[in-house]
Amino acid sequence: MKTENRKIKKKTWWWISISISLLLLSLLLFMWFKMHRHKTNDKNQLTDITSVNKYLKDSVEQSVLNGALKIKTGIYLQSLNFSNANDVQLTGYIWQHYKDSIHDEFKPDHTQIGFILPDQVNSAGDIEPREVYRKRNDNEEVIGWYFEATLRQPFDYSKYPFDRNSVWVRMWPSDFINHVILVPDLEAYNSTDLNVMFGIEKKIVLGIWEPENTFFNYKTQSYDTSFGINDNSRKSIPELHYNFVVKRKLESAFITYLLPLFLVAALLFAALLTVSKNDRILEKMGFNNSTFIGTSSALFFVVMLAHIQLKQQFQGAGIVYVEYFYILMYGMLVICTTNTYLFSISSKKNKNIITWKDNLLPKISYWPFLLGSIIIITFFFY
């Protein structure tokens with residue numbers, strides 16, 4: 001009768017453990033869903049000419065703004081590829097409007113380019129921008145260039161695999177001496193409203209990324225130099241940015257990095273279930289301390305190799321979100337191995353939390369502790 005009551009109590013503990021684990025798993029999946037769906041919009045998005053004029057009026061000195069020439073500039077991207085953690089390769093078109101009698105002094109000829117991409121780095125595959133069309137519309141001329149460029153930018157991968165990256169194309173006017181402000185050619189697109197994708201090839205291939213948003217905005221850089229021209233007013237001239245926001249597809253990241261961790265966690269739990277001093281269970285499982293340590297060592301190398309592969313992908317990016325799961329799994333391996341060793345050297349008469357009900361407490365707390373730790377990690381990133 002006592003044995004039967006003991007079995008019932010053990011079943012109750014297991015049901016409590018399973019219930020808590022399912023609750024924590026549901027909470028974790030909900031947090032992951034919210035992280036993936038979360039969308040942020042830049043408050044300085046330029047959606048129409050009114051927002052452009054308002055930003056320039058609020059951000060540029062009136063004396064500089066009155067004497068500056070504005071050149072409408074547009075962009076269209078045809079391809080995008082992340083060549084490494086900080087470099088992105090782009091191809092597409094950039095065009096500018098030059099009005100007669102206003103921009104005559106600044107209009108480039110067929111051998112010149114009307115813009116500069118200051119974030120561009122030298123790449124063997126890139127070619128110099130080349131003029132592809134020059135079309136006259138009433139009292140202005142539109143000049144378009146085809147460009148290929150590799151841009152180096154400080155992308156943020158800290159929330160991998162829930163990371164988002166804003167690929168920006170920062171554009172300067174080729175005339176550096178005079179006060180020239182590039183303004184977005186918003187009229188060239190069907191719509192530039194919030195959350196509307198524009199200026200990008202609809203069938204663009206992004207691999208492990210998916211498009212989320214595009215927009216124009218201005219940013220003012222804090223330069224600590226006058227560039228030798230003794231004109232401090234240049235520091236207040238904002239720079240035009242075209243931004244293309246992409247978010248990572250979860251399927252590839254989960255299969256590559258999270259699925260192996262889940263399998264390691266499941267195998268470690270299965271090994272922990274064999275820990276027992278019950279003669280009947282020992283006869284079936286054949287548990288001994290050296291076997292468990294050997295299993296833990298094999299699982300450690302699996303985790304370590306996957307961790308090394310992850311670090312190689314994000315060199316110089318610090319510790320990313322999913323990397324904390326690997327650190328947690330290292331801790332779980334140490335904790336389970338230590339528990340097994342202490343249990344194996346304890347006698348049946350020695351009553352403590354490890355020997356209680358044949359090592360039941362570590363077994364029933366395994367998944368709640370693991371999932372709870374992942375939720376705490378996720379909370380700080382969420």
# chains A, B, ... in the order shown; residues from 1 in each chain; ligands from 1
call {"tool": "select_by_dssp", "arguments": {"residues": "region 54-119 of chain A", "states": "helix (DSSP H, G or I)", "output": "compact mmCIF listing (two decimals) with N, CA and C atoms, in the first residue's frame"}}
result
# COMPACT_ATOMS: atom_id res chain seq x y z
N LYS A 54 9.28 70.38 -43.43
CA LYS A 54 9.20 70.57 -41.97
C LYS A 54 10.51 70.16 -41.31
N TYR A 55 11.06 69.03 -41.74
CA TYR A 55 12.31 68.56 -41.13
C TYR A 55 13.43 69.56 -41.41
N LEU A 56 13.54 70.01 -42.66
CA LEU A 56 14.61 70.95 -43.01
C LEU A 56 14.45 72.27 -42.24
N LYS A 57 13.23 72.72 -42.08
CA LYS A 57 12.99 73.97 -41.37
C LYS A 57 13.37 73.84 -39.90
N ASP A 58 13.10 72.67 -39.30
CA ASP A 58 13.39 72.48 -37.88
C ASP A 58 14.84 72.14 -37.60
N SER A 59 15.56 71.60 -38.60
CA SER A 59 16.89 71.06 -38.36
C SER A 59 18.02 71.87 -38.97
N GLN A 62 18.27 78.73 -40.63
CA GLN A 62 17.49 79.42 -41.65
C GLN A 62 18.38 80.10 -42.68
N SER A 63 19.49 80.66 -42.24
CA SER A 63 20.40 81.33 -43.18
C SER A 63 21.02 80.34 -44.15
N VAL A 64 21.33 79.14 -43.66
CA VAL A 64 21.90 78.10 -44.53
C VAL A 64 20.83 77.57 -45.46
N LEU A 65 19.61 77.35 -44.92
CA LEU A 65 18.53 76.80 -45.73
C LEU A 65 18.13 77.74 -46.86
N ASN A 66 18.12 79.04 -46.58
CA ASN A 66 17.73 80.02 -47.61
C ASN A 66 18.74 80.06 -48.75
N GLY A 67 20.01 79.84 -48.45
CA GLY A 67 21.03 79.91 -49.48
C GLY A 67 21.37 78.57 -50.11
call {"tool": "residues_around", "arguments": {"residues": "region 354-370 of chain A", "least_positions_apart": "4", "cutoff": "6 Å", "atoms": "only C-alpha atoms", "output": "list in words"}}
result
Ser17, Ser21 and Ser276 of chain A
call {"tool": "write_last_selection", "arguments": {"atoms": "N, CA and C atoms", "output": "mmCIF file, in the first residue's frame"}}
result
data_model
loop_
_atom_site.group_PDB
_atom_site.id
_atom_site.type_symbol
_atom_site.label_atom_id
_atom_site.label_comp_id
_atom_site.auth_asym_id
_atom_site.auth_seq_id
_atom_site.Cartn_x
_atom_site.Cartn_y
_atom_site.Cartn_z
ATOM 1 N N SER A 17 5.188 18.907 -12.919
ATOM 2 C CA SER A 17 6.330 19.299 -13.751
ATOM 3 C C SER A 17 5.925 19.491 -15.207
ATOM 4 N N SER A 21 5.935 23.004 -17.269
ATOM 5 C CA SER A 21 6.758 23.054 -18.483
ATOM 6 C C SER A 21 5.933 23.502 -19.690
ATOM 7 N N SER A 276 19.510 6.224 -11.099
ATOM 8 C CA SER A 276 18.655 5.551 -10.116
ATOM 9 C C SER A 276 19.471 4.544 -9.303
#
call {"tool": "closest_atom_pairs", "arguments": {"of": "region 95-177 of chain A", "to": "region 22-37 of chain A", "cutoff": "12 Å", "atoms": "only C-alpha atoms", "output": "CSV"}}
result
residue,atom,partner,partner_atom,distance
A:Lys159,CA,A:Met35,CA,9.2
A:Tyr160,CA,A:His36,CA,10.6
A:Pro161,CA,A:His36,CA,8.9
A:Phe162,CA,A:His36,CA,5.8
A:Asp163,CA,A:His36,CA,8.4
A:Arg164,CA,A:His36,CA,9.3
call {"tool": "atom_distance", "arguments": {"atom1": "CA of Cys336 (chain A)", "atom2": "CA of Val302 (chain A)"}}
result
16.4 Å
call {"tool": "closest_residue", "arguments": {"among": "A:Tyr146, A:Tyr324, A:Tyr257, A:Phe115", "to": "Ile127 (chain A)", "atoms": "only C-alpha atoms"}}
result
A:Tyr146
call {"tool": "atom_distance", "arguments": {"atom1": "CA of Asn122 (chain A)", "atom2": "CA of Phe314 (chain A)"}}
result
21.6 Å
call {"tool": "residues_around", "arguments": {"residues": "region 247-250 of chain A", "least_positions_apart": "5", "cutoff": "6 Å", "atoms": "only C-alpha atoms", "output": "VMD selection string"}}
result
chain A and resid 164 208 to 210
call {"tool": "closest_residue", "arguments": {"among": "A:Ile113, A:Ala317, A:Val180, A:Ile75", "to": "Pro238 (chain A)", "atoms": "only C-alpha atoms"}}
result
A:Val180
call {"tool": "residues_around", "arguments": {"residues": "Thr291 (chain A)", "least_positions_apart": "5", "cutoff": "12 Å", "atoms": "only C-alpha atoms", "output": "MDAnalysis selection string"}}
result
chainID A and resid 271:272 274:275 285:286 296:298 337 340:341 344
call {"tool": "closest_residue", "arguments": {"among": "A:Ile94, A:Ile102, A:Val169, A:Leu80", "to": "Ala68 (chain A)", "atoms": "only C-alpha atoms"}}
result
A:Ile102
call {"tool": "residues_around", "arguments": {"residues": "Val52 (chain A)", "least_positions_apart": "6", "cutoff": "12 Å", "atoms": "only C-alpha atoms", "output": "mmCIF file with all heavy atoms, in the first residue's frame"}}
result
data_model
loop_
_atom_site.group_PDB
_atom_site.id
_atom_site.type_symbol
_atom_site.label_atom_id
_atom_site.label_comp_id
_atom_site.auth_asym_id
_atom_site.auth_seq_id
_atom_site.Cartn_x
_atom_site.Cartn_y
_atom_site.Cartn_z
ATOM 1 N N ASN A 44 11.174 59.848 -38.022
ATOM 2 C CA ASN A 44 11.544 60.891 -38.984
ATOM 3 C C ASN A 44 11.365 60.440 -40.430
ATOM 4 O O ASN A 44 12.012 60.986 -41.332
ATOM 5 C CB ASN A 44 12.986 61.338 -38.749
ATOM 6 C CG ASN A 44 13.168 62.028 -37.412
ATOM 7 O OD1 ASN A 44 12.336 62.829 -37.007
ATOM 8 N ND2 ASN A 44 14.258 61.713 -36.726
ATOM 9 N N GLN A 45 10.527 59.436 -40.666
ATOM 10 C CA GLN A 45 10.277 59.004 -42.033
ATOM 11 C C GLN A 45 9.695 60.152 -42.854
ATOM 12 O O GLN A 45 8.800 60.876 -42.394
ATOM 13 C CB GLN A 45 9.303 57.826 -42.052
ATOM 14 C CG GLN A 45 9.909 56.526 -41.553
ATOM 15 C CD GLN A 45 8.999 55.347 -41.803
ATOM 16 O OE1 GLN A 45 8.265 55.316 -42.781
ATOM 17 N NE2 GLN A 45 9.052 54.354 -40.933
ATOM 18 N N LEU A 46 10.211 60.299 -44.075
ATOM 19 C CA LEU A 46 9.740 61.347 -44.981
ATOM 20 C C LEU A 46 8.735 60.723 -45.937
ATOM 21 O O LEU A 46 9.102 59.922 -46.800
ATOM 22 C CB LEU A 46 10.917 61.951 -45.749
ATOM 23 C CG LEU A 46 12.061 62.485 -44.870
ATOM 24 C CD1 LEU A 46 13.226 62.927 -45.736
ATOM 25 C CD2 LEU A 46 11.581 63.633 -43.995
ATOM 26 N N ASP A 58 13.104 72.674 -39.296
ATOM 27 C CA ASP A 58 13.388 72.480 -37.877
ATOM 28 C C ASP A 58 14.842 72.139 -37.603
ATOM 29 O O ASP A 58 15.318 72.346 -36.473
ATOM 30 C CB ASP A 58 12.505 71.365 -37.310
ATOM 31 C CG ASP A 58 11.030 71.709 -37.354
ATOM 32 O OD1 ASP A 58 10.711 72.906 -37.470
ATOM 33 O OD2 ASP A 58 10.195 70.776 -37.304
ATOM 34 N N SER A 59 15.560 71.604 -38.605
ATOM 35 C CA SER A 59 16.894 71.057 -38.358
ATOM 36 C C SER A 59 18.023 71.868 -38.966
ATOM 37 O O SER A 59 19.181 71.681 -38.567
ATOM 38 C CB SER A 59 16.970 69.613 -38.882
ATOM 39 O OG SER A 59 15.953 68.819 -38.326
ATOM 40 N N VAL A 60 17.742 72.710 -39.925
ATOM 41 C CA VAL A 60 18.790 73.462 -40.619
ATOM 42 C C VAL A 60 18.652 74.943 -40.297
ATOM 43 O O VAL A 60 17.536 75.479 -40.237
ATOM 44 C CB VAL A 60 18.704 73.244 -42.150
ATOM 45 C CG1 VAL A 60 19.843 73.970 -42.860
ATOM 46 C CG2 VAL A 60 18.739 71.754 -42.473
ATOM 47 N N LYS A 70 18.438 72.849 -53.605
ATOM 48 C CA LYS A 70 17.856 71.532 -53.398
ATOM 49 C C LYS A 70 17.833 70.769 -54.719
ATOM 50 O O LYS A 70 17.362 71.293 -55.730
ATOM 51 C CB LYS A 70 16.440 71.652 -52.828
ATOM 52 C CG LYS A 70 16.366 72.374 -51.495
ATOM 53 C CD LYS A 70 14.932 72.517 -51.034
ATOM 54 C CE LYS A 70 14.841 73.285 -49.718
ATOM 55 N NZ LYS A 70 13.426 73.461 -49.278
ATOM 56 N N LYS A 72 16.420 67.226 -56.268
ATOM 57 C CA LYS A 72 15.599 66.034 -56.057
ATOM 58 C C LYS A 72 16.362 64.788 -56.502
ATOM 59 O O LYS A 72 16.902 64.741 -57.613
ATOM 60 C CB LYS A 72 14.278 66.151 -56.824
ATOM 61 C CG LYS A 72 13.313 67.150 -56.219
ATOM 62 C CD LYS A 72 11.867 66.868 -56.602
ATOM 63 C CE LYS A 72 11.653 66.910 -58.105
ATOM 64 N NZ LYS A 72 10.213 66.734 -58.436
ATOM 65 N N ILE A 181 21.528 70.537 -50.860
ATOM 66 C CA ILE A 181 20.762 69.574 -50.057
ATOM 67 C C ILE A 181 20.015 68.646 -51.007
ATOM 68 O O ILE A 181 19.270 69.094 -51.883
ATOM 69 C CB ILE A 181 19.753 70.295 -49.140
ATOM 70 C CG1 ILE A 181 20.484 71.219 -48.165
ATOM 71 C CG2 ILE A 181 18.921 69.275 -48.371
ATOM 72 C CD1 ILE A 181 19.554 72.009 -47.257
ATOM 73 N N LEU A 182 20.236 67.347 -50.821
ATOM 74 C CA LEU A 182 19.498 66.360 -51.604
ATOM 75 C C LEU A 182 18.151 66.115 -50.942
ATOM 76 O O LEU A 182 18.073 65.849 -49.734
ATOM 77 C CB LEU A 182 20.287 65.048 -51.693
ATOM 78 C CG LEU A 182 21.677 65.118 -52.324
ATOM 79 C CD1 LEU A 182 22.296 63.723 -52.394
ATOM 80 C CD2 LEU A 182 21.640 65.747 -53.699
ATOM 81 N N VAL A 183 17.089 66.225 -51.718
ATOM 82 C CA VAL A 183 15.738 65.952 -51.207
ATOM 83 C C VAL A 183 15.182 64.746 -51.949
ATOM 84 O O VAL A 183 15.455 64.553 -53.139
ATOM 85 C CB VAL A 183 14.810 67.176 -51.377
ATOM 86 C CG1 VAL A 183 15.327 68.337 -50.555
ATOM 87 C CG2 VAL A 183 14.676 67.570 -52.826
ATOM 88 N N PRO A 184 14.431 63.893 -51.274
ATOM 89 C CA PRO A 184 13.920 62.676 -51.930
ATOM 90 C C PRO A 184 12.893 62.998 -53.007
ATOM 91 O O PRO A 184 12.016 63.847 -52.814
ATOM 92 C CB PRO A 184 13.287 61.891 -50.778
ATOM 93 C CG PRO A 184 12.951 62.925 -49.756
ATOM 94 C CD PRO A 184 14.011 63.982 -49.863
ATOM 95 N N ASP A 185 13.018 62.308 -54.131
ATOM 96 C CA ASP A 185 12.061 62.476 -55.238
ATOM 97 C C ASP A 185 10.855 61.587 -54.955
ATOM 98 O O ASP A 185 10.642 60.554 -55.603
ATOM 99 C CB ASP A 185 12.737 62.103 -56.561
ATOM 100 C CG ASP A 185 11.840 62.364 -57.762
ATOM 101 O OD1 ASP A 185 10.837 63.099 -57.594
ATOM 102 O OD2 ASP A 185 12.128 61.826 -58.847
ATOM 103 N N LEU A 186 10.036 61.980 -53.992
ATOM 104 C CA LEU A 186 8.906 61.167 -53.545
ATOM 105 C C LEU A 186 7.836 61.025 -54.620
ATOM 106 O O LEU A 186 7.085 60.042 -54.628
ATOM 107 C CB LEU A 186 8.296 61.776 -52.279
ATOM 108 C CG LEU A 186 9.265 61.912 -51.087
ATOM 109 C CD1 LEU A 186 8.592 62.641 -49.936
ATOM 110 C CD2 LEU A 186 9.752 60.542 -50.642
ATOM 111 N N PHE A 216 12.596 57.036 -46.743
ATOM 112 C CA PHE A 216 13.629 58.063 -46.760
ATOM 113 C C PHE A 216 13.644 58.756 -45.400
ATOM 114 O O PHE A 216 12.617 58.910 -44.741
ATOM 115 C CB PHE A 216 13.337 59.117 -47.837
ATOM 116 C CG PHE A 216 13.700 58.697 -49.237
ATOM 117 C CD1 PHE A 216 12.711 58.317 -50.132
ATOM 118 C CD2 PHE A 216 15.018 58.691 -49.656
ATOM 119 C CE1 PHE A 216 13.031 57.944 -51.423
ATOM 120 C CE2 PHE A 216 15.359 58.321 -50.953
ATOM 121 C CZ PHE A 216 14.362 57.945 -51.838
ATOM 122 N N ASN A 217 14.822 59.193 -44.980
ATOM 123 C CA ASN A 217 14.924 60.077 -43.824
ATOM 124 C C ASN A 217 16.227 60.867 -43.915
ATOM 125 O O ASN A 217 17.068 60.611 -44.778
ATOM 126 C CB ASN A 217 14.834 59.305 -42.505
ATOM 127 C CG ASN A 217 16.038 58.417 -42.260
ATOM 128 O OD1 ASN A 217 16.892 58.238 -43.117
ATOM 129 N ND2 ASN A 217 16.111 57.841 -41.074
ATOM 130 N N TYR A 218 16.346 61.838 -43.046
ATOM 131 C CA TYR A 218 17.565 62.644 -42.944
ATOM 132 C C TYR A 218 18.275 62.312 -41.647
ATOM 133 O O TYR A 218 17.639 62.019 -40.619
ATOM 134 C CB TYR A 218 17.235 64.136 -42.958
ATOM 135 C CG TYR A 218 16.949 64.716 -44.321
ATOM 136 C CD1 TYR A 218 15.695 65.233 -44.625
ATOM 137 C CD2 TYR A 218 17.938 64.771 -45.305
ATOM 138 C CE1 TYR A 218 15.423 65.783 -45.870
ATOM 139 C CE2 TYR A 218 17.675 65.325 -46.554
ATOM 140 C CZ TYR A 218 16.420 65.826 -46.827
ATOM 141 O OH TYR A 218 16.164 66.361 -48.060
ATOM 142 N N PRO A 238 21.777 68.251 -43.325
ATOM 143 C CA PRO A 238 21.461 66.830 -43.139
ATOM 144 C C PRO A 238 21.793 66.013 -44.379
ATOM 145 O O PRO A 238 21.834 66.523 -45.499
ATOM 146 C CB PRO A 238 19.954 66.848 -42.866
ATOM 147 C CG PRO A 238 19.459 68.064 -43.580
ATOM 148 C CD PRO A 238 20.566 69.076 -43.481
ATOM 149 N N LEU A 240 20.870 62.769 -46.815
ATOM 150 C CA LEU A 240 19.717 61.973 -47.243
ATOM 151 C C LEU A 240 20.050 60.487 -47.162
ATOM 152 O O LEU A 240 21.096 60.040 -47.633
ATOM 153 C CB LEU A 240 19.328 62.351 -48.669
ATOM 154 C CG LEU A 240 18.119 61.599 -49.262
ATOM 155 C CD1 LEU A 240 16.853 61.903 -48.464
ATOM 156 C CD2 LEU A 240 17.933 61.967 -50.727
#
call {"tool": "select_by_dssp", "arguments": {"residues": "region 46-278 of chain A", "states": "strand (DSSP E)", "output": "number ranges by chain"}}
result
A: 69-82, 87-99, 115-116, 120-121, 130-137, 140-152, 164-173, 180-184, 209-219, 239-248
call {"tool": "decode", "arguments": {"residues": "region 45-56 of chain A", "atoms": "all heavy atoms", "output": "mmCIF file, in the first residue's frame"}}
result
data_model
loop_
_atom_site.group_PDB
_atom_site.id
_atom_site.type_symbol
_atom_site.label_atom_id
_atom_site.label_comp_id
_atom_site.auth_asym_id
_atom_site.auth_seq_id
_atom_site.Cartn_x
_atom_site.Cartn_y
_atom_site.Cartn_z
ATOM 1 N N GLN A 45 10.527 59.436 -40.666
ATOM 2 C CA GLN A 45 10.277 59.004 -42.033
ATOM 3 C C GLN A 45 9.695 60.152 -42.854
ATOM 4 O O GLN A 45 8.800 60.876 -42.394
ATOM 5 C CB GLN A 45 9.303 57.826 -42.052
ATOM 6 C CG GLN A 45 9.909 56.526 -41.553
ATOM 7 C CD GLN A 45 8.999 55.347 -41.803
ATOM 8 O OE1 GLN A 45 8.265 55.316 -42.781
ATOM 9 N NE2 GLN A 45 9.052 54.354 -40.933
ATOM 10 N N LEU A 46 10.211 60.299 -44.075
ATOM 11 C CA LEU A 46 9.740 61.347 -44.981
ATOM 12 C C LEU A 46 8.735 60.723 -45.937
ATOM 13 O O LEU A 46 9.102 59.922 -46.800
ATOM 14 C CB LEU A 46 10.917 61.951 -45.749
ATOM 15 C CG LEU A 46 12.061 62.485 -44.870
ATOM 16 C CD1 LEU A 46 13.226 62.927 -45.736
ATOM 17 C CD2 LEU A 46 11.581 63.633 -43.995
ATOM 18 N N THR A 47 7.467 61.073 -45.767
ATOM 19 C CA THR A 47 6.419 60.458 -46.577
ATOM 20 C C THR A 47 5.880 61.384 -47.660
ATOM 21 O O THR A 47 5.259 60.917 -48.607
ATOM 22 C CB THR A 47 5.243 60.023 -45.677
ATOM 23 O OG1 THR A 47 4.757 61.162 -44.958
ATOM 24 C CG2 THR A 47 5.703 58.958 -44.690
ATOM 25 N N ASP A 48 6.089 62.688 -47.521
ATOM 26 C CA ASP A 48 5.621 63.643 -48.522
ATOM 27 C C ASP A 48 6.473 64.903 -48.443
ATOM 28 O O ASP A 48 7.323 65.052 -47.551
ATOM 29 C CB ASP A 48 4.133 63.981 -48.320
ATOM 30 C CG ASP A 48 3.820 64.370 -46.885
ATOM 31 O OD1 ASP A 48 4.649 65.062 -46.263
ATOM 32 O OD2 ASP A 48 2.749 63.967 -46.387
ATOM 33 N N ILE A 49 6.251 65.827 -49.371
ATOM 34 C CA ILE A 49 7.062 67.039 -49.437
ATOM 35 C C ILE A 49 6.865 67.899 -48.194
ATOM 36 O O ILE A 49 7.775 68.625 -47.770
ATOM 37 C CB ILE A 49 6.732 67.846 -50.724
ATOM 38 C CG1 ILE A 49 7.770 68.949 -50.932
ATOM 39 C CG2 ILE A 49 5.320 68.374 -50.671
ATOM 40 C CD1 ILE A 49 9.174 68.462 -51.137
ATOM 41 N N THR A 50 5.693 67.806 -47.559
ATOM 42 C CA THR A 50 5.436 68.572 -46.340
ATOM 43 C C THR A 50 6.356 68.133 -45.209
ATOM 44 O O THR A 50 6.929 68.964 -44.493
ATOM 45 C CB THR A 50 3.965 68.411 -45.909
ATOM 46 O OG1 THR A 50 3.109 68.835 -46.962
ATOM 47 C CG2 THR A 50 3.680 69.226 -44.658
ATOM 48 N N SER A 51 6.513 66.817 -45.038
ATOM 49 C CA SER A 51 7.398 66.304 -43.992
ATOM 50 C C SER A 51 8.855 66.642 -44.289
ATOM 51 O O SER A 51 9.635 66.883 -43.366
ATOM 52 C CB SER A 51 7.222 64.792 -43.845
ATOM 53 O OG SER A 51 7.549 64.118 -45.041
ATOM 54 N N VAL A 52 9.217 66.692 -45.567
ATOM 55 C CA VAL A 52 10.578 67.071 -45.947
ATOM 56 C C VAL A 52 10.844 68.526 -45.560
ATOM 57 O O VAL A 52 11.858 68.847 -44.922
ATOM 58 C CB VAL A 52 10.803 66.871 -47.455
ATOM 59 C CG1 VAL A 52 12.182 67.411 -47.864
ATOM 60 C CG2 VAL A 52 10.689 65.395 -47.823
ATOM 61 N N ASN A 53 9.952 69.413 -45.950
ATOM 62 C CA ASN A 53 10.134 70.836 -45.650
ATOM 63 C C ASN A 53 10.120 71.096 -44.148
ATOM 64 O O ASN A 53 10.885 71.941 -43.648
ATOM 65 C CB ASN A 53 9.036 71.655 -46.339
ATOM 66 C CG ASN A 53 9.172 71.634 -47.847
ATOM 67 O OD1 ASN A 53 10.276 71.463 -48.387
ATOM 68 N ND2 ASN A 53 8.068 71.797 -48.549
ATOM 69 N N LYS A 54 9.276 70.385 -43.426
ATOM 70 C CA LYS A 54 9.203 70.572 -41.970
ATOM 71 C C LYS A 54 10.506 70.158 -41.307
ATOM 72 O O LYS A 54 11.021 70.845 -40.418
ATOM 73 C CB LYS A 54 8.043 69.769 -41.395
ATOM 74 C CG LYS A 54 7.852 69.966 -39.883
ATOM 75 C CD LYS A 54 6.678 69.148 -39.368
ATOM 76 C CE LYS A 54 6.420 69.423 -37.887
ATOM 77 N NZ LYS A 54 7.631 69.182 -37.065
ATOM 78 N N TYR A 55 11.057 69.025 -41.735
ATOM 79 C CA TYR A 55 12.310 68.562 -41.134
ATOM 80 C C TYR A 55 13.435 69.555 -41.413
ATOM 81 O O TYR A 55 14.205 69.901 -40.510
ATOM 82 C CB TYR A 55 12.688 67.179 -41.668
ATOM 83 C CG TYR A 55 13.970 66.654 -41.061
ATOM 84 C CD1 TYR A 55 13.937 65.893 -39.897
ATOM 85 C CD2 TYR A 55 15.213 66.950 -41.620
ATOM 86 C CE1 TYR A 55 15.107 65.430 -39.311
ATOM 87 C CE2 TYR A 55 16.387 66.495 -41.038
ATOM 88 C CZ TYR A 55 16.323 65.736 -39.891
ATOM 89 O OH TYR A 55 17.484 65.287 -39.299
ATOM 90 N N LEU A 56 13.542 70.011 -42.659
ATOM 91 C CA LEU A 56 14.613 70.953 -43.007
ATOM 92 C C LEU A 56 14.453 72.268 -42.244
ATOM 93 O O LEU A 56 15.443 72.855 -41.793
ATOM 94 C CB LEU A 56 14.609 71.203 -44.512
ATOM 95 C CG LEU A 56 14.965 70.002 -45.398
ATOM 96 C CD1 LEU A 56 14.868 70.366 -46.865
ATOM 97 C CD2 LEU A 56 16.359 69.476 -45.069
#
